[in-house]
>>> print(open('input.cif').read())   # mmCIF, C-alpha atoms
data_model
#
loop_
_atom_site.group_PDB
_atom_site.id
_atom_site.type_symbol
_atom_site.label_atom_id
_atom_site.label_comp_id
_atom_site.auth_asym_id
_atom_site.auth_seq_id
_atom_site.Cartn_x
_atom_site.Cartn_y
_atom_site.Cartn_z
ATOM 1 C CA MET T 1 98.320 138.886 77.815
ATOM 2 C CA SER T 2 94.835 138.992 79.267
ATOM 3 C CA LEU T 3 94.250 139.123 82.991
ATOM 4 C CA ARG T 4 92.500 135.750 82.947
ATOM 5 C CA LEU T 5 95.505 134.021 81.486
ATOM 6 C CA LEU T 6 97.590 135.446 84.314
ATOM 7 C CA LEU T 7 95.077 134.605 87.007
ATOM 8 C CA LEU T 8 94.600 130.964 86.115
ATOM 9 C CA PRO T 9 98.127 129.720 86.967
ATOM 10 C CA LEU T 10 98.058 131.856 90.109
ATOM 11 C CA LEU T 11 94.819 130.203 91.247
ATOM 12 C CA CYS T 12 96.224 126.762 90.480
ATOM 13 C CA LEU T 13 99.277 127.592 92.567
ATOM 14 C CA LEU T 14 97.116 128.782 95.443
ATOM 15 C CA GLY T 15 95.003 125.633 95.226
ATOM 16 C CA ALA T 16 98.079 123.441 95.364
ATOM 17 C CA PHE T 17 99.150 125.094 98.609
ATOM 18 C CA ALA T 18 95.694 125.274 100.173
ATOM 19 C CA LEU T 19 95.020 121.540 100.042
ATOM 20 C CA PRO T 20 97.935 120.301 102.158
ATOM 21 C CA LEU T 21 97.291 123.118 104.633
ATOM 22 C CA ALA T 22 93.717 121.965 105.093
ATOM 23 C CA ALA T 23 94.888 118.364 105.586
ATOM 24 C CA GLN T 24 96.466 119.127 108.963
ATOM 25 C CA ASP T 25 94.972 118.260 112.287
ATOM 26 C CA ARG T 26 94.247 121.046 114.756
ATOM 27 C CA LEU T 27 95.463 119.305 117.896
ATOM 28 C CA PRO T 28 98.484 120.508 119.830
ATOM 29 C CA PRO T 29 101.518 118.183 119.665
ATOM 30 C CA ALA T 30 101.679 115.273 122.115
ATOM 31 C CA PRO T 31 103.373 116.199 125.435
ATOM 32 C CA TYR T 32 106.654 114.472 124.697
ATOM 33 C CA ALA T 33 106.793 115.392 120.996
ATOM 34 C CA TYR T 34 108.861 118.525 121.640
ATOM 35 C CA GLN T 35 109.642 118.192 125.337
ATOM 36 C CA GLN T 36 112.698 116.397 126.628
ATOM 37 C CA LEU T 37 112.622 113.900 129.448
ATOM 38 C CA LYS T 38 113.703 115.271 132.836
ATOM 39 C CA ASP T 39 116.398 112.654 133.352
ATOM 40 C CA PRO T 40 119.323 113.513 131.003
ATOM 41 C CA ALA T 41 120.428 109.870 130.810
ATOM 42 C CA GLN T 42 116.950 108.772 129.726
ATOM 43 C CA GLU T 43 116.695 111.647 127.242
ATOM 44 C CA ALA T 44 120.057 110.672 125.738
ATOM 45 C CA ARG T 45 118.840 107.108 125.231
ATOM 46 C CA ALA T 46 115.545 108.331 123.732
ATOM 47 C CA LYS T 47 117.384 110.772 121.425
ATOM 48 C CA ALA T 48 119.746 108.077 120.148
ATOM 49 C CA LEU T 49 116.795 105.816 119.367
ATOM 50 C CA MET T 50 114.736 108.579 117.741
ATOM 51 C CA GLU T 51 117.594 109.423 115.408
ATOM 52 C CA GLU T 52 117.649 105.797 114.301
ATOM 53 C CA LEU T 53 113.917 105.562 113.568
ATOM 54 C CA ARG T 54 112.542 106.546 110.210
ATOM 55 C CA CYS T 55 109.596 108.897 109.900
ATOM 56 C CA LEU T 56 106.656 107.147 108.212
ATOM 57 C CA VAL T 57 105.253 110.277 106.594
ATOM 58 C CA CYS T 58 108.294 112.187 105.345
ATOM 59 C CA GLN T 59 110.355 109.145 104.458
ATOM 60 C CA GLY T 60 114.054 109.899 104.420
ATOM 61 C CA GLN T 61 113.942 111.838 107.694
ATOM 62 C CA SER T 62 114.315 110.414 111.161
ATOM 63 C CA ILE T 63 111.523 110.998 113.661
ATOM 64 C CA ALA T 64 113.982 113.207 115.564
ATOM 65 C CA ASP T 65 114.227 115.526 112.537
ATOM 66 C CA SER T 66 110.651 115.504 111.306
ATOM 67 C CA ASP T 67 107.881 117.912 112.222
ATOM 68 C CA ALA T 68 105.128 115.654 110.859
ATOM 69 C CA PRO T 69 102.378 115.088 113.473
ATOM 70 C CA LEU T 70 102.872 111.305 113.308
ATOM 71 C CA ALA T 71 106.616 111.729 113.921
ATOM 72 C CA GLY T 72 105.774 113.867 116.967
ATOM 73 C CA ASP T 73 103.458 111.147 118.223
ATOM 74 C CA MET T 74 106.190 108.548 117.664
ATOM 75 C CA ARG T 75 108.643 110.668 119.677
ATOM 76 C CA HIS T 76 106.019 110.843 122.421
ATOM 77 C CA GLU T 77 105.688 107.063 122.230
ATOM 78 C CA VAL T 78 109.462 106.515 122.434
ATOM 79 C CA ARG T 79 110.002 108.986 125.290
ATOM 80 C CA SER T 80 107.016 107.641 127.271
ATOM 81 C CA LYS T 81 108.282 104.079 126.944
ATOM 82 C CA ILE T 82 111.833 105.072 127.932
ATOM 83 C CA ALA T 83 110.442 106.984 130.930
ATOM 84 C CA ALA T 84 108.486 103.852 131.883
ATOM 85 C CA GLY T 85 111.778 101.956 132.015
ATOM 86 C CA GLU T 86 111.720 100.111 128.681
ATOM 87 C CA SER T 87 115.042 99.522 126.948
ATOM 88 C CA PRO T 88 115.712 101.128 123.531
ATOM 89 C CA ALA T 89 116.241 97.653 122.040
ATOM 90 C CA ALA T 90 112.799 96.529 123.240
ATOM 91 C CA ILE T 91 111.138 99.669 121.842
ATOM 92 C CA LYS T 92 112.884 99.193 118.506
ATOM 93 C CA ALA T 93 111.789 95.538 118.391
ATOM 94 C CA TRP T 94 108.236 96.641 119.204
ATOM 95 C CA LEU T 95 108.229 99.070 116.258
ATOM 96 C CA VAL T 96 109.961 96.646 113.864
ATOM 97 C CA ALA T 97 107.248 94.072 114.661
ATOM 98 C CA ARG T 98 104.721 96.604 113.362
ATOM 99 C CA TYR T 99 106.482 98.412 110.518
ATOM 100 C CA GLY T 100 109.217 95.944 109.538
ATOM 101 C CA ASN T 101 112.950 96.670 109.368
ATOM 102 C CA TRP T 102 112.082 99.583 107.119
ATOM 103 C CA VAL T 103 111.361 101.740 110.189
ATOM 104 C CA SER T 104 114.979 101.508 111.341
ATOM 105 C CA TYR T 105 118.006 103.206 109.795
ATOM 106 C CA ASP T 106 120.139 100.393 111.207
ATOM 107 C CA PRO T 107 118.663 97.258 109.636
ATOM 108 C CA PRO T 108 120.109 93.864 110.595
ATOM 109 C CA PHE T 109 122.339 91.764 108.356
ATOM 110 C CA ASP T 110 120.057 89.511 106.304
ATOM 111 C CA THR T 111 119.518 88.447 102.690
ATOM 112 C CA ALA T 112 118.085 91.848 101.762
ATOM 113 C CA THR T 113 121.045 93.815 103.153
ATOM 114 C CA ALA T 114 123.838 91.288 102.500
ATOM 115 C CA LEU T 115 124.957 92.954 99.256
ATOM 116 C CA LEU T 116 125.038 96.334 101.008
ATOM 117 C CA TRP T 117 127.333 95.061 103.759
ATOM 118 C CA LEU T 118 129.498 92.775 101.643
ATOM 119 C CA GLY T 119 129.571 95.030 98.552
ATOM 120 C CA PRO T 120 132.621 97.085 99.610
ATOM 121 C CA LEU T 121 134.523 93.896 100.406
ATOM 122 C CA LEU T 122 133.515 92.465 97.036
ATOM 123 C CA PHE T 123 134.692 95.577 95.188
ATOM 124 C CA LEU T 124 137.953 95.556 97.129
ATOM 125 C CA VAL T 125 138.588 91.951 96.033
ATOM 126 C CA ILE T 126 137.741 92.749 92.388
ATOM 127 C CA GLY T 127 139.941 95.857 92.482
ATOM 128 C CA GLY T 128 142.815 93.950 94.053
ATOM 129 C CA TRP T 129 142.533 91.227 91.447
ATOM 130 C CA LEU T 130 142.525 93.788 88.595
ATOM 131 C CA ALA T 131 145.498 95.640 90.029
ATOM 132 C CA PHE T 132 147.385 92.398 90.581
ATOM 133 C CA GLY T 133 146.822 91.355 86.942
ATOM 134 C CA ARG T 134 147.976 94.748 85.703
ATOM 135 C CA PHE T 135 151.155 94.719 87.815
ATOM 136 C CA ARG T 136 152.021 91.233 86.623
ATOM 137 C CA ARG T 137 151.549 92.227 82.993
ATOM 138 C CA ALA T 138 153.679 95.343 83.482
ATOM 139 C CA GLU T 139 156.381 93.206 85.092
ATOM 140 C CA SER T 140 156.449 90.652 82.250
ATOM 141 C CA ASP T 141 156.461 93.539 79.711
ATOM 142 C CA SER T 142 159.551 95.072 81.295
ATOM 143 C CA GLU T 143 161.229 91.672 81.398
ATOM 144 C CA ASP T 144 160.563 91.260 77.660
ATOM 145 C CA ALA T 145 162.039 94.695 77.017
ATOM 146 C CA SER T 146 165.280 93.970 78.861
ATOM 147 C CA MET R 1 144.014 98.530 68.971
ATOM 148 C CA LYS R 2 142.081 95.299 68.881
ATOM 149 C CA ASN R 3 138.644 96.691 69.551
ATOM 150 C CA ARG R 4 138.267 100.406 69.991
ATOM 151 C CA TRP R 5 134.606 100.007 71.015
ATOM 152 C CA VAL R 6 135.786 98.551 74.311
ATOM 153 C CA LEU R 7 137.037 102.026 75.133
ATOM 154 C CA PHE R 8 133.455 103.270 75.261
ATOM 155 C CA VAL R 9 132.278 100.693 77.807
ATOM 156 C CA PRO R 10 133.142 102.832 80.867
ATOM 157 C CA LEU R 11 131.364 105.815 79.306
ATOM 158 C CA ALA R 12 128.305 103.662 78.599
ATOM 159 C CA ILE R 13 128.264 102.426 82.215
ATOM 160 C CA MET R 14 128.526 106.019 83.467
ATOM 161 C CA GLY R 15 125.697 106.983 81.127
ATOM 162 C CA LEU R 16 123.480 104.198 82.497
ATOM 163 C CA LEU R 17 124.244 105.193 86.089
ATOM 164 C CA PHE R 18 123.533 108.841 85.310
ATOM 165 C CA GLY R 19 120.249 107.839 83.689
ATOM 166 C CA ALA R 20 119.273 105.801 86.740
ATOM 167 C CA PHE R 21 119.994 108.742 89.074
ATOM 168 C CA VAL R 22 118.045 111.179 86.907
ATOM 169 C CA TYR R 23 115.116 108.743 86.762
ATOM 170 C CA ARG R 24 114.956 108.431 90.555
ATOM 171 C CA LEU R 25 115.287 112.190 90.988
ATOM 172 C CA VAL R 26 112.395 112.854 88.630
ATOM 173 C CA THR R 27 110.136 110.069 89.947
ATOM 174 C CA PRO R 28 110.941 109.633 93.653
ATOM 175 C CA ALA R 29 110.188 106.265 95.201
ATOM 176 C CA GLU R 30 106.893 106.454 97.071
ATOM 177 C CA THR R 31 107.107 103.625 99.536
ATOM 178 C CA LEU R 32 103.856 102.420 101.043
ATOM 179 C CA ILE R 33 104.700 100.968 104.437
ATOM 180 C CA GLN R 34 102.575 97.930 105.004
ATOM 181 C CA SER R 35 101.762 96.867 108.508
ATOM 182 C CA GLN R 36 103.564 93.744 109.682
ATOM 183 C CA TRP R 37 100.966 93.368 112.437
ATOM 184 C CA ILE R 38 98.808 91.010 110.360
ATOM 185 C CA ASP R 39 97.381 87.668 111.566
ATOM 186 C CA LYS R 40 98.015 88.982 115.048
ATOM 187 C CA PRO R 41 95.526 89.959 117.744
ATOM 188 C CA MET R 42 94.325 93.535 117.978
ATOM 189 C CA PRO R 43 96.628 95.479 120.314
ATOM 190 C CA LEU R 44 95.021 96.200 123.679
ATOM 191 C CA PHE R 45 93.443 99.632 123.918
ATOM 192 C CA ASP R 46 90.558 101.477 125.455
ATOM 193 C CA LEU R 47 89.792 104.675 123.556
ATOM 194 C CA PRO R 48 87.326 107.312 124.802
ATOM 195 C CA PRO R 49 84.467 108.440 122.530
ATOM 196 C CA ALA R 50 85.653 110.694 119.704
ATOM 197 C CA THR R 51 82.461 112.744 119.810
ATOM 198 C CA ALA R 52 79.223 112.994 121.774
ATOM 199 C CA GLY R 53 76.537 110.420 120.926
ATOM 200 C CA VAL R 54 78.862 107.723 119.521
ATOM 201 C CA PRO R 55 80.434 105.271 122.019
ATOM 202 C CA GLY R 56 84.208 104.861 122.333
ATOM 203 C CA LEU R 57 86.106 101.759 121.286
ATOM 204 C CA LYS R 58 87.729 99.028 123.362
ATOM 205 C CA SER R 59 89.879 96.319 121.796
ATOM 206 C CA SER R 60 87.948 93.642 123.733
ATOM 207 C CA GLN R 61 84.794 94.675 121.845
ATOM 208 C CA LEU R 62 86.381 93.564 118.576
ATOM 209 C CA ALA R 63 86.234 89.845 119.443
ATOM 210 C CA ASP R 64 82.472 89.326 119.636
ATOM 211 C CA GLY R 65 82.304 86.634 116.949
ATOM 212 C CA ARG R 66 81.327 88.971 114.108
ATOM 213 C CA PRO R 67 84.022 89.838 111.539
ATOM 214 C CA ARG R 68 84.221 93.597 111.085
ATOM 215 C CA LEU R 69 86.110 96.568 109.750
ATOM 216 C CA VAL R 70 88.120 99.020 111.804
ATOM 217 C CA ASN R 71 88.516 102.233 109.841
ATOM 218 C CA VAL R 72 91.365 104.557 110.813
ATOM 219 C CA PHE R 73 90.304 108.048 109.747
ATOM 220 C CA ALA R 74 90.319 111.719 110.644
ATOM 221 C CA SER R 75 88.023 114.661 110.019
ATOM 222 C CA TRP R 76 91.006 116.655 108.692
ATOM 223 C CA CYS R 77 91.837 113.935 106.165
ATOM 224 C CA ILE R 78 90.574 114.964 102.723
ATOM 225 C CA PRO R 79 90.652 111.450 101.126
ATOM 226 C CA CYS R 80 88.541 110.135 104.047
ATOM 227 C CA ARG R 81 85.666 112.225 102.671
ATOM 228 C CA ALA R 82 85.915 110.405 99.366
ATOM 229 C CA GLU R 83 85.799 107.097 101.220
ATOM 230 C CA ALA R 84 82.522 107.862 103.054
ATOM 231 C CA PRO R 85 80.140 106.535 100.328
ATOM 232 C CA GLN R 86 82.028 103.205 100.183
ATOM 233 C CA LEU R 87 81.794 102.828 103.978
ATOM 234 C CA GLU R 88 78.062 103.535 103.713
ATOM 235 C CA ALA R 89 77.766 100.817 101.052
ATOM 236 C CA LEU R 90 79.642 98.358 103.283
ATOM 237 C CA LYS R 91 77.374 99.190 106.207
ATOM 238 C CA ALA R 92 74.330 98.709 103.971
ATOM 239 C CA ALA R 93 75.726 95.270 103.074
ATOM 240 C CA GLY R 94 75.601 94.380 106.771
ATOM 241 C CA VAL R 95 79.275 94.895 107.633
ATOM 242 C CA PRO R 96 79.862 96.207 111.175
ATOM 243 C CA ILE R 97 82.289 99.151 111.072
ATOM 244 C CA ASP R 98 84.143 100.727 113.976
ATOM 245 C CA GLY R 99 86.255 103.838 113.679
ATOM 246 C CA ILE R 100 89.445 105.192 115.184
ATOM 247 C CA ALA R 101 89.724 108.974 114.832
ATOM 248 C CA ILE R 102 93.349 110.145 114.683
ATOM 249 C CA ARG R 103 94.363 113.446 116.336
ATOM 250 C CA ASP R 104 90.859 114.785 116.161
ATOM 251 C CA ARG R 105 88.667 117.198 118.093
ATOM 252 C CA PRO R 106 85.110 116.165 119.119
ATOM 253 C CA GLU R 107 83.517 119.123 117.329
ATOM 254 C CA ASP R 108 85.418 118.348 114.106
ATOM 255 C CA VAL R 109 84.396 114.664 114.238
ATOM 256 C CA ALA R 110 80.763 115.730 114.767
ATOM 257 C CA MET R 111 80.965 118.027 111.731
ATOM 258 C CA PHE R 112 82.536 115.261 109.638
ATOM 259 C CA LEU R 113 79.797 112.751 110.571
ATOM 260 C CA LYS R 114 77.067 115.324 109.924
ATOM 261 C CA GLU R 115 78.419 116.137 106.500
ATOM 262 C CA TYR R 116 79.567 112.726 105.244
ATOM 263 C CA GLY R 117 77.345 110.326 107.229
ATOM 264 C CA ASN R 118 78.062 108.005 110.139
ATOM 265 C CA PRO R 119 78.639 104.337 109.227
ATOM 266 C CA PHE R 120 80.396 103.691 112.563
ATOM 267 C CA ASP R 121 79.007 101.686 115.497
ATOM 268 C CA ARG R 122 81.725 103.085 117.757
ATOM 269 C CA ILE R 123 84.490 105.649 117.311
ATOM 270 C CA GLY R 124 87.526 105.738 119.580
ATOM 271 C CA SER R 125 89.542 108.919 119.860
ATOM 272 C CA ASP R 126 93.276 108.341 119.334
ATOM 273 C CA MET R 127 94.658 111.740 120.303
ATOM 274 C CA GLN R 128 98.342 110.788 120.173
ATOM 275 C CA SER R 129 98.212 108.182 117.389
ATOM 276 C CA SER R 130 99.235 105.540 119.939
ATOM 277 C CA VAL R 131 96.761 102.919 118.686
ATOM 278 C CA GLN R 132 97.622 103.804 115.090
ATOM 279 C CA ILE R 133 101.307 103.126 115.824
ATOM 280 C CA ALA R 134 100.455 99.918 117.711
ATOM 281 C CA LEU R 135 98.584 98.780 114.577
ATOM 282 C CA GLY R 136 101.535 99.484 112.301
ATOM 283 C CA SER R 137 99.411 101.997 110.420
ATOM 284 C CA SER R 138 101.187 104.925 108.787
ATOM 285 C CA GLY R 139 98.411 107.146 107.495
ATOM 286 C CA VAL R 140 94.742 107.913 107.043
ATOM 287 C CA PRO R 141 92.540 106.425 105.787
ATOM 288 C CA GLU R 142 93.420 102.835 106.484
ATOM 289 C CA THR R 143 91.049 99.956 107.072
ATOM 290 C CA PHE R 144 91.673 96.722 108.937
ATOM 291 C CA LEU R 145 89.679 93.531 108.421
ATOM 292 C CA ILE R 146 89.185 91.839 111.798
ATOM 293 C CA ASP R 147 87.878 88.305 112.175
ATOM 294 C CA GLY R 148 85.395 87.258 114.868
ATOM 295 C CA LYS R 149 88.158 86.420 117.328
ATOM 296 C CA GLY R 150 89.701 89.890 117.146
ATOM 297 C CA ILE R 151 92.599 88.854 114.906
ATOM 298 C CA ILE R 152 93.702 91.377 112.266
ATOM 299 C CA ARG R 153 93.537 89.611 108.885
ATOM 300 C CA GLU R 154 94.170 92.354 106.364
ATOM 301 C CA GLN R 155 95.161 95.981 106.023
ATOM 302 C CA ILE R 156 93.843 98.220 103.265
ATOM 303 C CA GLN R 157 95.873 101.404 102.803
ATOM 304 C CA GLY R 158 94.255 104.456 101.305
ATOM 305 C CA VAL R 159 90.705 105.045 100.174
ATOM 306 C CA ILE R 160 88.468 101.997 99.637
ATOM 307 C CA LEU R 161 87.243 102.227 96.053
ATOM 308 C CA ALA R 162 83.732 101.293 94.954
ATOM 309 C CA ASP R 163 84.903 98.197 93.074
ATOM 310 C CA GLN R 164 86.647 96.896 96.226
ATOM 311 C CA VAL R 165 83.415 96.805 98.243
ATOM 312 C CA PRO R 166 82.023 93.396 97.091
ATOM 313 C CA GLY R 167 85.419 91.741 97.658
ATOM 314 C CA ILE R 168 85.634 93.086 101.206
ATOM 315 C CA VAL R 169 82.103 91.876 101.995
ATOM 316 C CA ALA R 170 82.976 88.422 100.623
ATOM 317 C CA ARG R 171 86.284 88.171 102.550
ATOM 318 C CA LEU R 172 84.577 89.158 105.818
ATOM 319 C CA GLU R 173 81.801 86.637 105.113
ATOM 320 C CA ALA R 174 84.459 83.928 104.604
ATOM 321 C CA MET R 175 85.882 84.675 108.078
ATOM 322 C CA LYS R 176 82.604 83.702 109.782
#
>>> encode(input="input.cif", output="structure tokens")
Amino acid sequence: MSLRLLLLPLLCLLGAFALPLAAQDRLPPAPYAYQQLKDPAQEARAKALMEELRCLVCQGQSIADSDAPLAGDMRHEVRSKIAAGESPAAIKAWLVARYGNWVSYDPPFDTATALLWLGPLLFLVIGGWLAFGRFRRAESDSEDAS
Amino acid sequence: MKNRWVLFVPLAIMGLLFGAFVYRLVTPAETLIQSQWIDKPMPLFDLPPATAGVPGLKSSQLADGRPRLVNVFASWCIPCRAEAPQLEALKAAGVPIDGIAIRDRPEDVAMFLKEYGNPFDRIGSDMQSSVQIALGSSGVPETFLIDGKGIIREQIQGVILADQVPGIVARLEAMK
């Protein structure tokens, strides 16, 4: 195999890694991105809320777990608001007003989530009905046999 | 056995489920989070200049009677470079454009403007993405169409393409 054939995939690979690296800002993280609040009670409230909020960049992670710059800035936002005396519910409502229920890992019960909440109940009913039918059939079978 | 094909129904259902899982694993859902902060007034902010020579941006300046664009960008954002010619075209069409630079350094903003042109009347520096979050914006570049009263009317996510330019000019004109 010629050297060029070997080099080409290598260059492509390098290029693929270089682009995302270049697309990072050079600012240090916001003060409260990686620093806890002094008051442990406040920090506990902030932490609980941050674990419930979805990161907008790396979707599937909470902002507490993500190292994306925007997640850091959202942690700063949450901690600053908690430190200023806002309640977690108010902060969540503030974010939901901007990003929709999508931003929360604990969405409310509505038409979009109804199937999710009621699904297990529905399956339990269907299962119970199936089992009931089967038992009854088995019973009548054994009666026929006797 | 009345119908032996019935026996294969559970297998078929499992096959369908398996197929659905494989499909989602191979092509992950890329959800674009649209801002819900539409038809609402611009959040209050007062951002310092992002670089020397271009004034900063105050939310009160966005309600001067002229519909305009607010472009959320960053010098470190590669797609924003591709958007520069379209912003120039919009400016040439008489559209006022203000910018919000996300997590940016003054020297980097200056370099960006020097290299890709400056269509902005004002650029506010949003060092901790606080205005971006208040706007319900989740990335760069994003562009907001603001009417003359400072109400956000539309959000455009991602790079503005050349064929979108006339439509944007027309929609801003209709807001007058």
>>> resolve_selection(input="input.cif", expression="the PyMOL selection byres ((chain T) within 10 of (chain R))", output="ChimeraX atom specification")
/T:19-31,33,55-57,59,69-74,76-77,94-103
>>> write_last_selection(input="input.cif", atoms="C-alpha atoms", output="PDB file, in the frame of the given file")
ATOM      1  CA  LEU T  19      95.020 121.540 100.042  1.00  0.00           C
ATOM      2  CA  PRO T  20      97.935 120.301 102.158  1.00  0.00           C
ATOM      3  CA  LEU T  21      97.291 123.118 104.633  1.00  0.00           C
ATOM      4  CA  ALA T  22      93.717 121.965 105.093  1.00  0.00           C
ATOM      5  CA  ALA T  23      94.888 118.364 105.586  1.00  0.00           C
ATOM      6  CA  GLN T  24      96.466 119.127 108.963  1.00  0.00           C
ATOM      7  CA  ASP T  25      94.972 118.260 112.287  1.00  0.00           C
ATOM      8  CA  ARG T  26      94.247 121.046 114.756  1.00  0.00           C
ATOM      9  CA  LEU T  27      95.463 119.305 117.896  1.00  0.00           C
ATOM     10  CA  PRO T  28      98.484 120.508 119.830  1.00  0.00           C
ATOM     11  CA  PRO T  29     101.518 118.183 119.665  1.00  0.00           C
ATOM     12  CA  ALA T  30     101.679 115.273 122.115  1.00  0.00           C
ATOM     13  CA  PRO T  31     103.373 116.199 125.435  1.00  0.00           C
ATOM     14  CA  ALA T  33     106.793 115.392 120.996  1.00  0.00           C
ATOM     15  CA  CYS T  55     109.596 108.897 109.900  1.00  0.00           C
ATOM     16  CA  LEU T  56     106.656 107.147 108.212  1.00  0.00           C
ATOM     17  CA  VAL T  57     105.253 110.277 106.594  1.00  0.00           C
ATOM     18  CA  GLN T  59     110.355 109.145 104.458  1.00  0.00           C
ATOM     19  CA  PRO T  69     102.378 115.088 113.473  1.00  0.00           C
ATOM     20  CA  LEU T  70     102.872 111.305 113.308  1.00  0.00           C
ATOM     21  CA  ALA T  71     106.616 111.729 113.921  1.00  0.00           C
ATOM     22  CA  GLY T  72     105.774 113.867 116.967  1.00  0.00           C
ATOM     23  CA  ASP T  73     103.458 111.147 118.223  1.00  0.00           C
ATOM     24  CA  MET T  74     106.190 108.548 117.664  1.00  0.00           C
ATOM     25  CA  HIS T  76     106.019 110.843 122.421  1.00  0.00           C
ATOM     26  CA  GLU T  77     105.688 107.063 122.230  1.00  0.00           C
ATOM     27  CA  TRP T  94     108.236  96.641 119.204  1.00  0.00           C
ATOM     28  CA  LEU T  95     108.229  99.070 116.258  1.00  0.00           C
ATOM     29  CA  VAL T  96     109.961  96.646 113.864  1.00  0.00           C
ATOM     30  CA  ALA T  97     107.248  94.072 114.661  1.00  0.00           C
ATOM     31  CA  ARG T  98     104.721  96.604 113.362  1.00  0.00           C
ATOM     32  CA  TYR T  99     106.482  98.412 110.518  1.00  0.00           C
ATOM     33  CA  GLY T 100     109.217  95.944 109.538  1.00  0.00           C
ATOM     34  CA  ASN T 101     112.950  96.670 109.368  1.00  0.00           C
ATOM     35  CA  TRP T 102     112.082  99.583 107.119  1.00  0.00           C
ATOM     36  CA  VAL T 103     111.361 101.740 110.189  1.00  0.00           C
TER      37      VAL T 103
END
>>> atom_distance(input="input.cif", atom1="atom CA of T:Glu86", atom2="atom CA of R:Met42")
21.5 Å
>>> resolve_selection(input="input.cif", expression="the PyMOL selection byres ((chain T and resi 45) around 10)", output="JSON, numbers by chain")
{"T": [40, 41, 42, 43, 44, 46, 47, 48, 49, 50, 78, 79, 82, 87, 88]}
>>> resolve_selection(input="input.cif", expression="the PyMOL selection byres ((chain R and resi 54) around 12)", output="list in words")
Pro48, Pro49, Ala50, Thr51, Ala52, Gly53, Pro55, Gly56, Leu57, Asp98, Gly99, Ile100, Ala101, Pro106, Val109, Ala110, Leu113, Asn118, Pro119, Phe120, Asp121, Arg122, Ile123, Gly124 and Ser125 of chain R
>>> residues_near_point(input="input.cif", point="(80.2, 107.1, 98.5)", cutoff="12 Å", atoms="only C-alpha atoms", output="list in words")
Pro79, Cys80, Arg81, Ala82, Glu83, Ala84, Pro85, Gln86, Leu87, Glu88, Ala89, Leu90, Lys91, Ala92, Tyr116, Gly117, Asn118, Pro119, Val159, Ile160, Leu161, Ala162, Asp163 and Val165 of chain R
>>> residues_around(input="input.cif", residues="stretch 170-174 of chain R", least_positions_apart="4", cutoff="7 Å", atoms="all atoms listed in the file", output="list in words")
Pro67, Arg68 and Pro166 of chain R
>>> closest_residue(input="input.cif", among="T:Gln35, T:Lys81, T:Ala89, T:Tyr105", to="T:Glu52", atoms="all atoms listed in the file")
T:Tyr105
>>> residues_near_point(input="input.cif", point="(89.7, 97.5, 120.8)", cutoff="7 Å", atoms="only C-alpha atoms", output="list in words")
Met42, Leu44, Phe45, Asp46, Leu57, Lys58, Ser59, Ser60, Gln61 and Leu62 of chain R
>>> axis_aligned_box(input="input.cif", around="stretch 117-130 of chain T", padding_each_side="8 Å", output="lines of an AutoDock Vina configuration file")
center_x = 135.1
center_y = 94.2
center_z = 96.2
size_x = 31.5
size_y = 21.9
size_z = 31.2
>>> atom_distance(input="input.cif", atom1="atom CA of R:Val169", atom2="atom CA of R:Ile97")
11.6 Å
>>> atom_distance(input="input.cif", atom1="atom CA of R:Gly150", atom2="atom CA of T:Lys92")
25.0 Å
>>> closest_residue(input="input.cif", among="R:Val9, R:Val22, R:Ala63, R:Val72", to="R:Gly148", atoms="only C-alpha atoms")
R:Ala63
>>> closest_residue(input="input.cif", among="R:Gly65, R:Gln155, R:Asn71, R:Met111", to="R:Lys176", atoms="all atoms listed in the file")
R:Gly65
